[in-house]
$ cat protein23.tsv   # TSV, C-alpha atoms
chain	number	residue	atom	x	y	z
T	17	MET	CA	9.34	55.51	6.36
T	18	ASN	CA	8.23	53.55	3.27
T	19	LYS	CA	10.14	50.53	4.56
T	20	LEU	CA	8.33	50.81	7.89
T	21	ILE	CA	4.92	50.92	6.18
T	22	ALA	CA	5.85	47.95	3.97
T	23	PHE	CA	6.97	46.02	7.07
T	24	ALA	CA	3.70	46.86	8.88
T	25	ILE	CA	1.64	45.69	5.87
T	26	ALA	CA	3.68	42.48	5.55
T	27	THR	CA	3.31	41.77	9.28
T	28	SER	CA	-0.46	42.31	9.14
T	29	LEU	CA	-0.76	40.00	6.12
T	30	VAL	CA	1.22	37.27	7.86
T	31	SER	CA	-0.85	37.54	11.03
T	32	SER	CA	-4.15	37.42	9.09
T	33	ALA	CA	-2.99	34.32	7.24
T	34	ALA	CA	-1.89	32.70	10.49
T	35	GLY	CA	-5.35	33.21	11.97
T	36	ALA	CA	-7.09	31.98	8.84
T	37	GLY	CA	-8.77	28.69	8.20
T	38	GLU	CA	-7.16	25.63	6.87
T	39	VAL	CA	-8.46	22.88	4.62
T	40	PHE	CA	-6.67	19.58	4.92
T	41	GLY	CA	-7.25	15.95	4.07
T	42	THR	CA	-6.16	12.95	2.08
T	43	VAL	CA	-6.49	12.27	-1.62
T	44	LYS	CA	-7.30	8.66	-2.48
T	45	GLY	CA	-7.79	6.90	-5.77
T	46	ALA	CA	-8.87	3.42	-6.80
T	47	SER	CA	-5.51	1.98	-5.75
T	48	GLY	CA	-5.08	3.82	-2.47
T	49	VAL	CA	-3.54	7.16	-1.54
T	50	VAL	CA	-2.49	9.47	-4.36
T	51	LYS	CA	1.02	10.86	-4.00
T	52	GLY	CA	2.10	13.99	-5.86
T	53	ALA	CA	-1.38	15.18	-6.91
T	54	GLU	CA	-1.80	18.96	-7.02
T	55	VAL	CA	-4.49	20.47	-4.82
T	56	GLY	CA	-5.56	24.09	-5.09
T	57	ALA	CA	-8.55	26.11	-3.98
T	58	LYS	CA	-10.41	29.09	-5.39
T	59	CYS	CA	-12.55	31.17	-3.06
T	60	GLY	CA	-14.21	34.01	-4.94
T	61	ASP	CA	-11.47	35.70	-6.93
T	62	GLN	CA	-8.70	34.51	-4.65
T	63	ALA	CA	-6.69	31.38	-5.47
T	64	TYR	CA	-4.75	29.31	-2.92
T	65	GLY	CA	-2.09	26.74	-3.70
T	66	PRO	CA	-1.63	24.48	-5.47
T	67	VAL	CA	0.21	22.18	-3.09
T	68	LYS	CA	1.33	18.63	-3.78
T	69	THR	CA	0.08	15.64	-1.78
T	70	ASP	CA	2.80	13.90	0.21
T	71	ALA	CA	3.69	10.20	0.37
T	72	LYS	CA	0.59	9.56	2.48
T	73	GLY	CA	-1.66	11.44	0.05
T	74	SER	CA	-2.12	14.31	2.53
T	75	TYR	CA	-2.50	17.94	1.62
T	76	ARG	CA	-2.87	21.13	3.63
T	77	LEU	CA	-4.03	24.50	2.32
T	78	VAL	CA	-4.11	27.69	4.35
T	79	ILE	CA	-7.04	29.77	3.17
T	80	ALA	CA	-7.15	33.35	4.36
T	81	GLN	CA	-10.91	33.76	4.07
T	82	THR	CA	-14.04	31.93	5.08
T	83	GLY	CA	-16.87	30.67	2.91
T	84	LYS	CA	-17.48	28.46	-0.06
T	85	CYS	CA	-14.46	27.46	-2.17
T	86	THR	CA	-13.82	25.16	-5.09
T	87	LEU	CA	-11.11	22.58	-4.56
T	88	THR	CA	-9.30	21.45	-7.69
T	89	VAL	CA	-7.29	18.22	-7.69
T	90	THR	CA	-4.98	17.55	-10.63
T	91	GLN	CA	-3.49	14.12	-11.26
T	92	ASP	CA	-1.62	13.03	-14.38
T	93	GLY	CA	-2.80	16.09	-16.29
T	94	LYS	CA	-6.48	15.52	-15.46
T	95	SER	CA	-8.41	17.75	-13.08
T	96	ALA	CA	-11.50	17.31	-10.94
T	97	THR	CA	-13.29	19.83	-8.74
T	98	MET	CA	-15.21	19.60	-5.49
T	99	ASN	CA	-16.92	22.19	-3.28
T	100	VAL	CA	-15.52	22.79	0.19
T	101	VAL	CA	-16.12	25.39	2.89
T	102	SER	CA	-13.35	27.26	4.66
T	103	PHE	CA	-14.01	28.08	8.32
T	104	ASP	CA	-12.04	30.02	10.93
T	105	ASP	CA	-10.81	26.68	12.24
T	106	ALA	CA	-9.24	23.86	10.29
T	107	THR	CA	-11.61	21.58	8.43
T	108	GLN	CA	-10.98	18.13	7.00
T	109	SER	CA	-11.96	17.43	3.39
T	110	ASP	CA	-10.84	14.02	2.18
T	111	VAL	CA	-11.06	13.52	-1.56
T	112	VAL	CA	-11.77	10.31	-3.47
T	113	LEU	CA	-10.79	10.42	-7.13
T	114	ALA	CA	-12.35	8.19	-9.74
T	115	VAL	CA	-12.10	7.96	-13.51
T	116	GLY	CA	-15.49	7.70	-15.20
T	117	ALA	CA	-16.39	5.63	-18.25
T	118	ASP	CA	-15.79	8.74	-20.37
T	119	GLY	CA	-12.23	8.99	-19.04
T	120	LYS	CA	-12.98	12.10	-16.99
T	121	LEU	CA	-11.58	12.46	-13.48
T	122	THR	CA	-14.20	13.04	-10.78
T	123	ALA	CA	-13.72	14.02	-7.15
T	124	LYS	CA	-16.06	13.34	-4.27
T	125	ARG	CA	-15.77	13.58	-0.52
T	126	GLY	CA	-14.18	10.70	1.27
I	21	MET	CA	41.61	-73.36	51.77
I	22	ALA	CA	41.63	-69.56	51.79
I	23	ASP	CA	41.04	-67.71	48.59
I	24	PRO	CA	44.04	-65.85	47.24
I	25	PRO	CA	43.78	-62.06	47.85
I	26	LYS	CA	41.77	-60.44	45.06
I	27	HIS	CA	43.74	-57.96	43.04
I	28	LYS	CA	42.13	-54.49	43.13
I	29	ASP	CA	41.83	-52.84	39.77
I	30	ALA	CA	41.55	-49.12	39.02
I	31	TRP	CA	37.75	-49.16	39.27
I	32	ASP	CA	37.88	-50.57	42.78
I	33	LYS	CA	40.32	-47.83	43.83
I	34	PHE	CA	38.10	-45.25	42.16
I	35	GLY	CA	35.11	-46.67	44.03
I	36	VAL	CA	36.93	-46.38	47.37
I	37	LEU	CA	37.83	-42.76	46.66
I	38	LEU	CA	34.33	-41.89	45.41
I	39	GLN	CA	32.53	-43.08	48.52
I	40	PRO	CA	33.42	-40.07	50.72
I	41	VAL	CA	33.30	-37.70	47.71
I	42	GLY	CA	29.80	-39.00	46.87
I	43	GLY	CA	28.65	-38.11	50.34
I	44	LEU	CA	30.20	-34.70	49.99
I	45	LEU	CA	28.55	-34.15	46.59
I	46	THR	CA	25.14	-35.18	47.99
I	47	ALA	CA	25.57	-32.76	50.87
I	48	MET	CA	26.58	-29.99	48.46
I	49	ALA	CA	23.60	-30.71	46.16
I	50	VAL	CA	21.22	-30.57	49.12
I	51	ALA	CA	22.81	-27.31	50.27
I	52	PHE	CA	22.57	-25.79	46.76
I	53	LEU	CA	18.96	-26.87	46.41
I	54	GLY	CA	18.19	-25.30	49.77
I	55	VAL	CA	19.92	-22.04	48.93
I	56	PHE	CA	18.41	-21.74	45.44
I	57	GLY	CA	14.99	-22.86	46.62
I	58	SER	CA	14.90	-20.32	49.40
I	59	ARG	CA	16.21	-17.63	47.05
I	60	ALA	CA	13.47	-18.41	44.50
I	61	LEU	CA	10.87	-18.30	47.27
I	62	GLU	CA	12.25	-14.98	48.50
I	63	GLU	CA	12.14	-13.54	44.98
I	64	ARG	CA	8.57	-14.68	44.52
I	65	GLN	CA	7.58	-13.23	47.87
I	66	SER	CA	9.32	-9.99	46.97
I	67	ARG	CA	7.45	-9.83	43.62
I	68	ASP	CA	4.15	-10.52	45.38
I	69	THR	CA	4.90	-7.86	47.99
I	70	ASN	CA	5.80	-5.34	45.27
I	71	ALA	CA	2.64	-6.13	43.31
I	72	ARG	CA	0.55	-5.78	46.47
I	73	LEU	CA	2.28	-2.52	47.37
I	74	TYR	CA	1.77	-1.17	43.82
I	75	SER	CA	-1.88	-2.13	43.85
I	76	GLU	CA	-2.34	-0.54	47.29
I	77	LEU	CA	-0.60	2.64	46.14
I	78	MET	CA	-2.70	2.81	42.98
I	79	SER	CA	-5.84	2.20	44.96
I	80	GLN	CA	-4.90	4.89	47.49
I	81	ARG	CA	-4.08	7.29	44.67
I	82	GLU	CA	-7.41	6.53	43.02
I	83	VAL	CA	-9.26	7.18	46.27
I	84	ALA	CA	-7.30	10.40	46.86
I	85	GLU	CA	-7.95	11.57	43.31
I	86	SER	CA	-11.66	10.74	43.53
I	87	THR	CA	-11.92	12.63	46.82
I	88	LEU	CA	-10.06	15.59	45.36
I	89	ARG	CA	-12.24	15.60	42.23
I	90	LYS	CA	-15.36	15.33	44.36
I	91	ASP	CA	-14.25	18.26	46.53
I	92	VAL	CA	-13.24	20.36	43.52
I	93	LEU	CA	-16.52	19.58	41.74
I	94	GLY	CA	-18.53	20.44	44.84
I	95	ALA	CA	-16.63	23.68	45.41
I	96	ILE	CA	-16.89	24.87	41.80
I	97	LEU	CA	-20.56	23.95	41.48
I	98	GLN	CA	-21.37	25.69	44.74
I	99	GLU	CA	-19.46	28.78	43.61
I	100	TYR	CA	-21.21	28.68	40.26
I	101	LEU	CA	-24.69	28.40	41.73
I	102	GLN	CA	-24.05	30.97	44.46
I	103	ALA	CA	-22.30	33.53	42.26
I	104	SER	CA	-24.16	36.75	41.75
I	105	PRO	CA	-26.38	36.52	38.63
I	106	THR	CA	-24.73	39.67	37.36
I	107	ASP	CA	-21.17	38.40	37.78
I	108	LEU	CA	-21.14	36.52	34.49
I	109	ASP	CA	-17.37	36.78	34.14
I	110	ALA	CA	-16.96	34.64	37.29
I	111	LYS	CA	-19.53	32.17	35.97
I	112	VAL	CA	-17.60	31.83	32.71
I	113	LEU	CA	-14.40	31.17	34.67
I	114	GLN	CA	-16.12	28.52	36.80
I	115	LEU	CA	-17.54	26.87	33.69
I	116	GLU	CA	-14.05	26.81	32.21
I	117	LEU	CA	-12.78	25.03	35.34
I	118	LEU	CA	-15.62	22.52	35.22
I	119	SER	CA	-15.18	21.83	31.52
I	120	ASN	CA	-11.45	21.35	31.68
I	121	ASN	CA	-11.70	18.92	34.59
I	122	PHE	CA	-14.98	17.07	34.15
I	123	HIS	CA	-15.92	17.25	30.46
I	124	ASP	CA	-15.84	13.46	30.03
I	125	SER	CA	-17.89	12.56	33.08
I	126	LEU	CA	-20.42	15.32	33.55
I	127	ASP	CA	-23.16	16.65	31.27
I	128	LEU	CA	-22.31	20.35	31.27
I	129	ARG	CA	-24.80	21.28	28.56
I	130	PRO	CA	-27.40	22.75	30.97
I	131	LEU	CA	-24.76	25.08	32.44
I	132	PHE	CA	-23.59	26.16	28.98
I	133	HIS	CA	-27.18	26.83	27.87
I	134	ASP	CA	-27.99	28.67	31.10
I	135	LEU	CA	-24.96	30.90	30.68
I	136	GLN	CA	-25.67	31.45	27.00
I	137	ARG	CA	-29.26	32.52	27.83
I	138	LYS	CA	-27.99	34.96	30.46
I	139	LEU	CA	-25.35	36.38	28.14
I	140	LEU	CA	-27.81	36.84	25.28
I	141	LYS	CA	-29.95	38.97	27.62
I	142	LEU	CA	-27.08	41.40	28.25
I	143	PRO	CA	-27.31	44.75	26.48
I	144	GLU	CA	-25.27	45.12	23.29
I	145	GLY	CA	-21.93	46.80	23.77
I	146	SER	CA	-21.26	45.17	27.13
I	147	ASP	CA	-18.96	42.16	27.50
I	148	GLN	CA	-21.62	40.03	25.82
I	149	GLN	CA	-19.75	39.17	22.63
I	150	GLU	CA	-16.45	38.53	24.42
I	151	LEU	CA	-18.04	36.21	26.99
I	152	LEU	CA	-20.15	34.40	24.39
I	153	ALA	CA	-17.01	33.83	22.32
I	154	ARG	CA	-15.22	32.52	25.41
I	155	ILE	CA	-17.82	29.87	26.20
I	156	GLU	CA	-18.16	28.92	22.53
I	157	ASN	CA	-14.39	28.49	22.17
I	158	LEU	CA	-14.34	26.48	25.38
I	159	ALA	CA	-17.07	24.17	24.09
I	160	ARG	CA	-15.32	23.78	20.74
I	161	GLU	CA	-12.08	22.84	22.49
I	162	VAL	CA	-13.88	20.19	24.54
I	163	THR	CA	-15.59	18.79	21.43
I	164	SER	CA	-12.31	18.76	19.56
I	165	LYS	CA	-10.56	16.89	22.41
I	166	GLN	CA	-13.36	14.34	22.62
I	167	LEU	CA	-13.47	13.77	18.86
I	168	PHE	CA	-9.71	13.28	18.85
I	169	THR	CA	-10.00	10.70	21.63
I	170	LEU	CA	-12.88	8.85	19.97
I	171	GLN	CA	-11.71	8.83	16.37
I	172	GLY	CA	-8.91	6.38	17.17
I	173	ARG	CA	-11.53	3.84	18.26
I	174	GLY	CA	-14.39	4.74	15.98
I	175	ALA	CA	-15.27	6.06	12.53
I	176	ARG	CA	-16.35	9.55	11.53
I	177	PHE	CA	-17.25	11.83	8.68
I	178	SER	CA	-17.53	15.62	8.48
I	179	ARG	CA	-19.63	17.60	6.06
I	180	PRO	CA	-20.35	21.32	5.60
I	181	VAL	CA	-23.93	22.57	5.86
I	182	ASP	CA	-25.14	25.35	3.60
I	183	LEU	CA	-27.48	27.21	5.96
I	184	ALA	CA	-28.99	29.36	3.21
I	185	GLU	CA	-29.89	26.20	1.30
I	186	LEU	CA	-31.35	24.71	4.47
I	187	ASP	CA	-33.47	27.84	5.06
I	188	ALA	CA	-34.70	27.71	1.48
I	189	SER	CA	-35.78	24.08	1.86
I	190	GLY	CA	-38.53	25.15	4.28
I	191	SER	CA	-39.73	22.37	6.55
I	192	GLY	CA	-38.28	19.57	4.42
I	193	SER	CA	-35.26	17.49	5.30
I	194	VAL	CA	-31.96	18.04	3.52
I	195	PRO	CA	-29.61	15.03	3.55
I	196	LEU	CA	-26.12	15.84	4.81
I	197	THR	CA	-24.63	13.31	2.40
I	198	PRO	CA	-26.14	12.20	-0.93
I	199	GLU	CA	-26.09	8.55	0.23
I	200	PRO	CA	-25.93	6.90	3.67
I	201	GLN	CA	-22.35	6.59	4.90
I	202	THR	CA	-21.19	3.08	5.71
I	203	LEU	CA	-19.10	3.30	8.85
I	204	THR	CA	-16.86	0.39	9.80
I	205	ILE	CA	-15.44	-0.32	13.24
I	206	GLY	CA	-13.46	-3.55	13.39
I	207	GLU	CA	-15.62	-6.16	11.70
I	208	HIS	CA	-18.89	-4.31	12.27
I	209	LYS	CA	-20.60	-1.99	9.83
I	210	CYS	CA	-23.55	0.38	9.98
I	211	ASP	CA	-25.19	2.71	7.45
I	212	ILE	CA	-25.59	6.18	8.90
I	213	SER	CA	-27.67	9.02	7.43
I	214	VAL	CA	-28.02	12.54	8.78
I	215	LEU	CA	-30.96	14.65	7.67
I	216	LEU	CA	-31.03	18.38	8.35
I	217	ARG	CA	-34.33	19.89	9.42
I	218	SER	CA	-33.68	23.52	10.38
I	219	ALA	CA	-31.10	25.91	11.81
I	220	ASP	CA	-31.31	28.54	14.54
I	221	ARG	CA	-28.67	31.13	13.77
I	222	ARG	CA	-29.15	33.02	17.05
I	223	THR	CA	-28.34	30.07	19.30
I	224	ARG	CA	-26.29	28.30	16.62
I	225	ASN	CA	-28.26	25.07	16.73
I	226	ILE	CA	-29.18	22.71	13.93
I	227	ARG	CA	-32.12	20.31	14.18
I	228	VAL	CA	-31.07	16.96	12.71
I	229	ARG	CA	-32.40	13.44	12.30
I	230	LEU	CA	-29.95	10.58	12.72
I	231	GLU	CA	-30.82	7.34	10.96
I	232	ALA	CA	-28.99	4.06	11.43
I	233	SER	CA	-29.67	0.99	9.35
I	234	ALA	CA	-28.14	-2.32	8.25
I	235	CYS	CA	-26.07	-2.52	11.40
I	236	ASN	CA	-23.99	-5.73	11.46
I	237	GLY	CA	-25.12	-6.56	7.91
I	238	THR	CA	-28.68	-7.33	8.92
I	239	ASP	CA	-31.83	-5.81	7.49
I	240	THR	CA	-32.92	-4.62	10.87
I	241	GLN	CA	-35.42	-1.82	11.12
I	242	THR	CA	-34.00	1.64	10.51
I	243	LEU	CA	-33.62	3.50	13.78
I	244	ASN	CA	-34.06	7.23	13.79
I	245	THR	CA	-33.98	10.01	16.31
I	246	THR	CA	-34.36	13.77	15.99
I	247	PHE	CA	-32.47	16.25	18.15
I	248	ASP	CA	-30.75	19.63	18.18
I	249	VAL	CA	-27.00	19.91	17.76
I	250	GLY	CA	-25.10	22.92	19.02
I	251	PHE	CA	-21.63	23.72	20.20
I	252	TYR	CA	-22.59	22.58	23.71
I	253	ASP	CA	-23.40	19.00	22.77
I	254	PHE	CA	-20.35	16.89	23.48
I	255	PRO	CA	-19.97	13.51	21.72
I	256	ILE	CA	-18.72	11.46	24.69
I	257	ILE	CA	-21.65	12.62	26.82
I	258	ASP	CA	-24.45	13.20	24.34
I	259	ASN	CA	-24.76	10.26	22.00
I	260	THR	CA	-27.31	7.74	20.73
I	261	ARG	CA	-27.11	4.03	21.58
I	262	LEU	CA	-27.37	1.63	18.66
I	263	PRO	CA	-28.50	-1.98	19.12
I	264	ASN	CA	-25.07	-3.32	18.14
I	265	GLY	CA	-23.46	-1.66	21.16
I	266	TRP	CA	-22.17	1.36	19.27
I	267	ARG	CA	-22.77	4.96	20.22
I	268	CYS	CA	-23.25	7.60	17.53
I	269	ALA	CA	-22.96	11.33	18.08
I	270	ILE	CA	-23.24	14.40	15.89
I	271	ALA	CA	-21.11	17.40	16.83
I	272	LEU	CA	-21.20	20.93	15.53
I	273	THR	CA	-17.56	21.61	14.72
I	274	ASN	CA	-17.65	24.88	12.78
I	275	TRP	CA	-19.97	27.79	12.10
I	276	VAL	CA	-19.33	30.86	9.99
I	277	ASP	CA	-21.92	33.17	8.40
I	278	ASP	CA	-23.93	30.95	6.06
I	279	PHE	CA	-22.10	27.70	6.67
I	280	ALA	CA	-21.75	25.18	9.47
I	281	GLU	CA	-19.88	21.91	9.73
I	282	LEU	CA	-21.26	18.76	11.33
I	283	THR	CA	-19.11	15.80	12.34
I	284	THR	CA	-20.78	12.44	12.82
I	285	ILE	CA	-18.84	9.89	14.85
I	286	CYS	CA	-19.69	6.34	15.88
I	287	PHE	CA	-17.65	4.47	18.44
I	288	PRO	CA	-17.84	1.37	20.67
I	289	GLY	CA	-20.00	1.88	23.76
I	290	GLU	CA	-17.04	1.27	26.10
I	291	TYR	CA	-15.72	4.72	25.23
I	292	ALA	CA	-18.89	6.57	26.16
I	293	SER	CA	-18.90	8.79	29.24
I	294	LEU	CA	-18.09	7.39	32.68
I	295	LYS	CA	-21.65	8.22	33.71
I	296	ASP	CA	-23.02	6.15	30.84
I	297	ARG	CA	-23.09	2.59	32.14
I	298	PRO	CA	-23.75	-0.27	29.72
I	299	TYR	CA	-27.05	-2.12	29.82
I	300	TYR	CA	-26.79	-5.56	31.45
I	301	GLU	CA	-28.05	-7.13	28.25
I	302	GLU	CA	-25.15	-5.57	26.33
I	303	VAL	CA	-22.63	-6.87	28.86
I	304	ILE	CA	-24.12	-10.38	28.70
I	305	GLN	CA	-24.15	-10.31	24.90
I	306	LYS	CA	-20.50	-9.24	24.85
I	307	LEU	CA	-19.55	-12.00	27.28
I	308	ARG	CA	-21.42	-14.53	25.10
I	309	GLU	CA	-19.58	-13.30	22.00
I	310	GLN	CA	-16.25	-13.65	23.79
I	311	SER	CA	-17.00	-17.17	24.99
I	312	ASP	CA	-18.28	-18.22	21.55
I	313	ALA	CA	-15.24	-16.83	19.76
I	314	PRO	CA	-12.66	-19.50	18.84
I	315	SER	CA	-9.62	-19.31	21.10
I	316	THR	CA	-6.41	-18.40	19.28

$ encode --input "protein23.tsv" --output "structure tokens"
Amino acid sequence: MNKLIAFAIATSLVSSAAGAGEVFGTVKGASGVVKGAEVGAKCGDQAYGPVKTDAKGSYRLVIAQTGKCTLTVTQDGKSATMNVVSFDDATQSDVVLAVGADGKLTAKRG
Amino acid sequence: MADPPKHKDAWDKFGVLLQPVGGLLTAMAVAFLGVFGSRALEERQSRDTNARLYSELMSQREVAESTLRKDVLGAILQEYLQASPTDLDAKVLQLELLSNNFHDSLDLRPLFHDLQRKLLKLPEGSDQQELLARIENLAREVTSKQLFTLQGRGARFSRPVDLAELDASGSGSVPLTPEPQTLTIGEHKCDISVLLRSADRRTRNIRVRLEASACNGTDTQTLNTTFDVGFYDFPIIDNTRLPNGWRCAIALTNWVDDFAELTTICFPGEYASLKDRPYYEEVIQKLREQSDAPST
């Protein structure tokens, strides 16, 4: 019986994630697309990812809730944050990374 | 005194032999030329016939398709307008048929708005929410298809809108992006700004002002226009002409609780709706540009 309940809970979690929103995009830096950067999101108390950008600098995060989230991009040990919104449907959020005069990494929308 | 008989050398003998062979070779060359010439002519004729046949078939197909589309459009529109005002389910189905078949050539916004108005009047607890969701999803699908088609030829940017922040701003304008976005299509550039004025959460519409400046690198006057953007405004159909021949459209691509998402897309005028014919001046300017361009 316990196994059946656990299966039902797991199935419901999978289906809610499948119907959830998705934030995707490309991470670019001064010299073009950024490969291997880590991208994660925090929406309220819930954290999603991180995932690594592929050879084309693309990332894709499935976020199981809607609303305002903070996207964190980490490259070479430095992190930068940017606000995004997760919707029921997929939404594109391209990120442009830049290093400021103080050496800090900043992220803005591409 | 008679000359002694001239001794014939090998060349003379060869010449005697070659005389009839030469005639034969000439005849063969003429025959070959005739055969190959007629074959080449036949091939050319066959190619011309095939091209003519293909063009006739395509033309017939085009005519047949246009007739079919005209009949289908007439039938669906008639059904839609004659359907009982209470049979909203049938109206939604007819709108689905119209949208799926004619979304790039017909402005369906009035029908969407009409249906939305009727559905909003329905009592709570009826099929209202289900039918409203159906037409909204339909419109979002159409917008998504059109944006996908246009983005390959144009340039776009999407930004979320914080509706609570917009409400708090009162009657002021909130810029969608901190700075104007420079969009580039081919060798042409334009600075585009979108200013948010207000939002209607009931009908899910946002009042925006679109500003275009520095198109083609000139300091031309900033052009601006104010309009409402909702899920039923489709970019191929509902767009703003810019003086450089571009079209710019703003589409509502997402809406959830306190947030919406607007996508601004600019594209060459050739990709606007079939109903949207270019101005003669634009056509002449384009022809001039083509004739002035150095030939490669």

$ closest_residue --input "protein23.tsv" --among "I:Arg81, I:Arg224, I:Arg59, I:His123" --to "Val249 (chain I)" --atoms "all atoms listed in the file"
I:Arg224

$ interface_residues --input "protein23.tsv" --of "chain T" --to "chain I" --cutoff "10 Å" --atoms "all atoms listed in the file" --output "MDAnalysis selection string"
chainID T and resid 82:84 99:110 125:126

$ residues_around --input "protein23.tsv" --residues "Lys72 (chain T)" --least-positions-apart "5" --cutoff "10 Å" --atoms "all atoms listed in the file" --output "ChimeraX atom specification"
/T:42-44,48-52

$ residues_around --input "protein23.tsv" --residues "Leu167 (chain I)" --least-positions-apart "5" --cutoff "9 Å" --atoms "all atoms listed in the file" --output "JSON, numbers by chain"
{"I": [162, 172, 176, 254, 255, 256, 271, 283, 285]}

$ atom_distance --input "protein23.tsv" --atom1 "CA of Glu38 (chain T)" --atom2 "CA of Arg227 (chain I)"
26.5 Å

$ residues_around --input "protein23.tsv" --residues "Leu113 (chain T)" --least-positions-apart "3" --cutoff "12 Å" --atoms "all atoms listed in the file" --output "MDAnalysis selection string"
chainID T and resid 42:50 53 73 88:92 94:98 110 116 120:126

$ atom_distance --input "protein23.tsv" --atom1 "CA of Leu170 (chain I)" --atom2 "CA of Pro195 (chain I)"
24.2 Å

$ atom_distance --input "protein23.tsv" --atom1 "CA of Ser164 (chain I)" --atom2 "CA of Thr284 (chain I)"
12.5 Å

$ residues_around --input "protein23.tsv" --residues "Leu216 (chain I)" --least-positions-apart "4" --cutoff "12 Å" --atoms "all atoms listed in the file" --output "VMD selection string"
chain I and resid 179 to 183 185 to 187 189 to 197 220 225 to 231 245 to 249 270 280 to 282

$ write_last_selection --input "protein23.tsv" --atoms "C-alpha atoms" --output "PDB file, in the coordinates of the input"
ATOM      1  CA  ARG I 179     -19.630  17.600   6.060  1.00  0.00           C
ATOM      2  CA  PRO I 180     -20.350  21.320   5.600  1.00  0.00           C
ATOM      3  CA  VAL I 181     -23.930  22.570   5.860  1.00  0.00           C
ATOM      4  CA  ASP I 182     -25.140  25.350   3.600  1.00  0.00           C
ATOM      5  CA  LEU I 183     -27.480  27.210   5.960  1.00  0.00           C
ATOM      6  CA  GLU I 185     -29.890  26.200   1.300  1.00  0.00           C
ATOM      7  CA  LEU I 186     -31.350  24.710   4.470  1.00  0.00           C
ATOM      8  CA  ASP I 187     -33.470  27.840   5.060  1.00  0.00           C
ATOM      9  CA  SER I 189     -35.780  24.080   1.860  1.00  0.00           C
ATOM     10  CA  GLY I 190     -38.530  25.150   4.280  1.00  0.00           C
ATOM     11  CA  SER I 191     -39.730  22.370   6.550  1.00  0.00           C
ATOM     12  CA  GLY I 192     -38.280  19.570   4.420  1.00  0.00           C
ATOM     13  CA  SER I 193     -35.260  17.490   5.300  1.00  0.00           C
ATOM     14  CA  VAL I 194     -31.960  18.040   3.520  1.00  0.00           C
ATOM     15  CA  PRO I 195     -29.610  15.030   3.550  1.00  0.00           C
ATOM     16  CA  LEU I 196     -26.120  15.840   4.810  1.00  0.00           C
ATOM     17  CA  THR I 197     -24.630  13.310   2.400  1.00  0.00           C
ATOM     18  CA  ASP I 220     -31.310  28.540  14.540  1.00  0.00           C
ATOM     19  CA  ASN I 225     -28.260  25.070  16.730  1.00  0.00           C
ATOM     20  CA  ILE I 226     -29.180  22.710  13.930  1.00  0.00           C
ATOM     21  CA  ARG I 227     -32.120  20.310  14.180  1.00  0.00           C
ATOM     22  CA  VAL I 228     -31.070  16.960  12.710  1.00  0.00           C
ATOM     23  CA  ARG I 229     -32.400  13.440  12.300  1.00  0.00           C
ATOM     24  CA  LEU I 230     -29.950  10.580  12.720  1.00  0.00           C
ATOM     25  CA  GLU I 231     -30.820   7.340  10.960  1.00  0.00           C
ATOM     26  CA  THR I 245     -33.980  10.010  16.310  1.00  0.00           C
ATOM     27  CA  THR I 246     -34.360  13.770  15.990  1.00  0.00           C
ATOM     28  CA  PHE I 247     -32.470  16.250  18.150  1.00  0.00           C
ATOM     29  CA  ASP I 248     -30.750  19.630  18.180  1.00  0.00           C
ATOM     30  CA  VAL I 249     -27.000  19.910  17.760  1.00  0.00           C
ATOM     31  CA  ILE I 270     -23.240  14.400  15.890  1.00  0.00           C
ATOM     32  CA  ALA I 280     -21.750  25.180   9.470  1.00  0.00           C
ATOM     33  CA  GLU I 281     -19.880  21.910   9.730  1.00  0.00           C
ATOM     34  CA  LEU I 282     -21.260  18.760  11.330  1.00  0.00           C
TER      35      LEU I 282
END

$ residues_around --input "protein23.tsv" --residues "Gly174 (chain I)" --least-positions-apart "2" --cutoff "12 Å" --atoms "all atoms listed in the file" --output "PyMOL selection string"
chain I and resi 166-172+176-177+203-210+255-256+266-269+284-292

$ axis_aligned_box --input "protein23.tsv" --around "region 81-88 of chain T" --padding-each-side "8 Å" --output "JSON"
{"center_x": -13.4, "center_y": 27.6, "center_z": -1.3, "size_x": 24.2, "size_y": 28.3, "size_z": 28.8}

$ decode --input "protein23.tsv" --residues "region 114-120 of chain T" --atoms "N, CA and C atoms" --output "short mmCIF file (atom, residue, chain, number, x, y, z; two decimals), in the first residue's frame"
data_model
loop_
_atom_site.label_atom_id
_atom_site.label_comp_id
_atom_site.auth_asym_id
_atom_site.auth_seq_id
_atom_site.Cartn_x
_atom_site.Cartn_y
_atom_site.Cartn_z
N ALA T 114 29.14 40.51 -18.09
CA ALA T 114 30.22 41.50 -18.27
C ALA T 114 30.98 41.61 -16.96
N VAL T 115 32.26 41.88 -17.06
CA VAL T 115 33.07 42.09 -15.85
C VAL T 115 33.29 43.59 -15.70
N GLY T 116 32.88 44.10 -14.54
CA GLY T 116 32.99 45.54 -14.29
C GLY T 116 34.42 45.95 -13.95
N ALA T 117 34.63 47.25 -13.78
CA ALA T 117 35.96 47.76 -13.46
C ALA T 117 36.45 47.22 -12.11
N ASP T 118 35.47 46.91 -11.23
CA ASP T 118 35.84 46.37 -9.92
C ASP T 118 36.07 44.87 -9.94
N GLY T 119 35.99 44.28 -11.12
CA GLY T 119 36.23 42.84 -11.26
C GLY T 119 35.01 41.99 -11.00
N LYS T 120 33.89 42.63 -10.69
CA LYS T 120 32.66 41.87 -10.39
C LYS T 120 31.95 41.49 -11.67
#
